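See below for the structure under consideration.
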Amino acid sequence: MASLSIPGVEDPDEAGLAAPVCRTVTPGGDVLLLVPGDSAAARAAAHAQDDDLTAVMEITDVAPVSVPHRIRGRAWVAGWLTPVRNGRRAEAAMLLAERHPVGELLGIGEALQPDPAPGLYGRTAWMMLRLEVGEGAVDDLWGAEPVEPDDFAAAAPDPLAPHEAELLQHLHSAHSEQVRGLCALLGERKDACGVGDRAVPVGLDRFGLRVRFTDTGQRSFDARFDFPEPVRDVVELRRAMHLLFEAAAE
């Protein structure tokens, strides 16, 4: 879930027109955003001089499973916002369509029309914006720290991200006892897991699994179970999960 804010510009629409419909990162580390053409962000970008409109995008990472306190972390990316114009529109639209092949971009053909793009996804207009990243920050389970633009540009998408929601729901519904059994791997903290406690997988990436343990008094804590090595696909994930479950059962 992402929202876009521009210092000094207010969005009068309580529905959140400033929220990008979809977004992706270019190979050079810029962020491409598709926003409604009638949003405050689109209007401000259209009337600003090149490179003088600062903006901040906040990304909220929400667990795709039903648990209390579902926010897993937040990230902020700040920089300079400009419209994607002329010859660059086709390249940007195709990059967005590649990352979002269904849903919001079923009508990507209209996005290639001159600004604004009429008719896309039932709205009167859409605009593609480019956020040139100047600085970033992350606040999650491991703490808060800044992110340099070069590191942001070099970061690779997690291969499990497109499947995370489905995988977590499967683990929770089909392997709940095995997930709860991972408490045996917590060392001194395993005493915090009682007989009636609940364990819900709330995060999964190529490096490991994050589980939330909640006792009968509704006190909870998150534990991270790292894989022996990063996984590259779902096949390697299955092997890594089997190793975790076997280690917990010993």
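Ligands are numbered from 1 in the order shown, chains are lettered A, B, ... in the order of the structure tokens, and residues start at 1 in each chain.
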#### Entry: Residue contacts of range 193-207 of chain A (9 Å, only C-alpha atoms) excluding same-chain residues fewer than 3 positions away, as a PyMOL selection string
chain A and resi 63-67+70+72+158-161+164-165+167-169+171-172+176-177+179-184+189-190+210-216+218+222+224-233+237
#### Entry: Val35 in chain A environment, 9 Å, only C-alpha atoms, sequence neighbours closer than 3 positions dropped, as a PyMOL selection string
chain A and resi 17-22+38-39+41-42+125-129
For the selection you just gave me, I'd like the residues written to a file as an mmCIF file, in the first residue's frame, keeping N, CA, C and O atoms.
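Once everything was written out, this is again02.cif:
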data_model
loop_
_atom_site.group_PDB
_atom_site.id
_atom_site.type_symbol
_atom_site.label_atom_id
_atom_site.label_comp_id
_atom_site.auth_asym_id
_atom_site.auth_seq_id
_atom_site.Cartn_x
_atom_site.Cartn_y
_atom_site.Cartn_z
ATOM 1 N N LEU A 17 -6.854 10.229 -3.936
ATOM 2 C CA LEU A 17 -6.442 10.234 -5.333
ATOM 3 C C LEU A 17 -4.941 10.290 -5.495
ATOM 4 O O LEU A 17 -4.419 9.989 -6.558
ATOM 5 N N ALA A 18 -4.234 10.724 -4.440
ATOM 6 C CA ALA A 18 -2.778 10.783 -4.531
ATOM 7 C C ALA A 18 -2.146 9.399 -4.489
ATOM 8 O O ALA A 18 -0.973 9.242 -4.804
ATOM 9 N N ALA A 19 -2.911 8.383 -4.090
ATOM 10 C CA ALA A 19 -2.360 7.036 -4.016
ATOM 11 C C ALA A 19 -2.111 6.499 -5.416
ATOM 12 O O ALA A 19 -3.023 6.481 -6.248
ATOM 13 N N PRO A 20 -0.896 6.065 -5.730
ATOM 14 C CA PRO A 20 -0.628 5.492 -7.056
ATOM 15 C C PRO A 20 -1.452 4.230 -7.283
ATOM 16 O O PRO A 20 -1.596 3.398 -6.384
ATOM 17 N N VAL A 21 -1.985 4.094 -8.483
ATOM 18 C CA VAL A 21 -2.712 2.877 -8.838
ATOM 19 C C VAL A 21 -1.753 1.708 -8.923
ATOM 20 O O VAL A 21 -2.052 0.594 -8.502
ATOM 21 N N CYS A 22 -0.583 1.957 -9.500
ATOM 22 C CA CYS A 22 0.467 0.955 -9.523
ATOM 23 C C CYS A 22 1.803 1.672 -9.642
ATOM 24 O O CYS A 22 1.858 2.861 -9.952
ATOM 25 N N ASP A 38 -6.825 13.484 -12.451
ATOM 26 C CA ASP A 38 -7.477 14.562 -11.719
ATOM 27 C C ASP A 38 -7.013 14.647 -10.267
ATOM 28 O O ASP A 38 -7.605 15.358 -9.456
ATOM 29 N N SER A 39 -5.946 13.939 -9.921
ATOM 30 C CA SER A 39 -5.429 13.992 -8.548
ATOM 31 C C SER A 39 -4.570 15.230 -8.353
ATOM 32 O O SER A 39 -4.062 15.832 -9.304
ATOM 33 N N ALA A 41 -1.654 15.269 -7.113
ATOM 34 C CA ALA A 41 -0.283 14.960 -7.520
ATOM 35 C C ALA A 41 -0.100 15.191 -9.013
ATOM 36 O O ALA A 41 0.906 15.768 -9.450
ATOM 37 N N ALA A 42 -1.059 14.742 -9.826
ATOM 38 C CA ALA A 42 -0.953 14.926 -11.273
ATOM 39 C C ALA A 42 -1.007 16.405 -11.649
ATOM 40 O O ALA A 42 -0.234 16.865 -12.508
ATOM 41 N N ALA A 125 -9.043 10.175 -16.858
ATOM 42 C CA ALA A 125 -7.664 10.404 -17.273
ATOM 43 C C ALA A 125 -6.697 9.785 -16.289
ATOM 44 O O ALA A 125 -7.002 9.619 -15.116
ATOM 45 N N TRP A 126 -5.522 9.445 -16.806
ATOM 46 C CA TRP A 126 -4.435 8.955 -15.964
ATOM 47 C C TRP A 126 -3.155 9.673 -16.361
ATOM 48 O O TRP A 126 -3.029 10.172 -17.471
ATOM 49 N N MET A 127 -2.210 9.723 -15.445
ATOM 50 C CA MET A 127 -0.916 10.321 -15.743
ATOM 51 C C MET A 127 0.186 9.445 -15.169
ATOM 52 O O MET A 127 0.059 8.910 -14.064
ATOM 53 N N MET A 128 1.252 9.294 -15.940
ATOM 54 C CA MET A 128 2.431 8.584 -15.451
ATOM 55 C C MET A 128 3.445 9.595 -14.942
ATOM 56 O O MET A 128 3.750 10.579 -15.621
ATOM 57 N N LEU A 129 3.936 9.345 -13.738
ATOM 58 C CA LEU A 129 4.904 10.229 -13.102
ATOM 59 C C LEU A 129 6.192 9.462 -12.832
ATOM 60 O O LEU A 129 6.181 8.239 -12.644
#
### Message
I'd like the neighbourhood of Gly134 in chain A as a list in words, where a residue qualifies if any of its atoms comes within 7 Å (using only C-alpha atoms), though same-chain residues fewer than 4 positions away should be ignored.
### Response
Ala78, Gly79 and Pro149 of chain A
### Message
Using only C-alpha atoms, can you tell me which of A:Val9, A:Leu185, A:Leu32, A:Val77 comes closest to Val147 in chain A?
### Response
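Distance minimum relative to Val147 in chain A lands on A:Val77.
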### Query
Which residue out of A:His175, A:Leu186, A:Ala93, A:Phe245 has the minimum interatomic distance to Leu34 in chain A when only C-alpha atoms are used?
A:Ala93
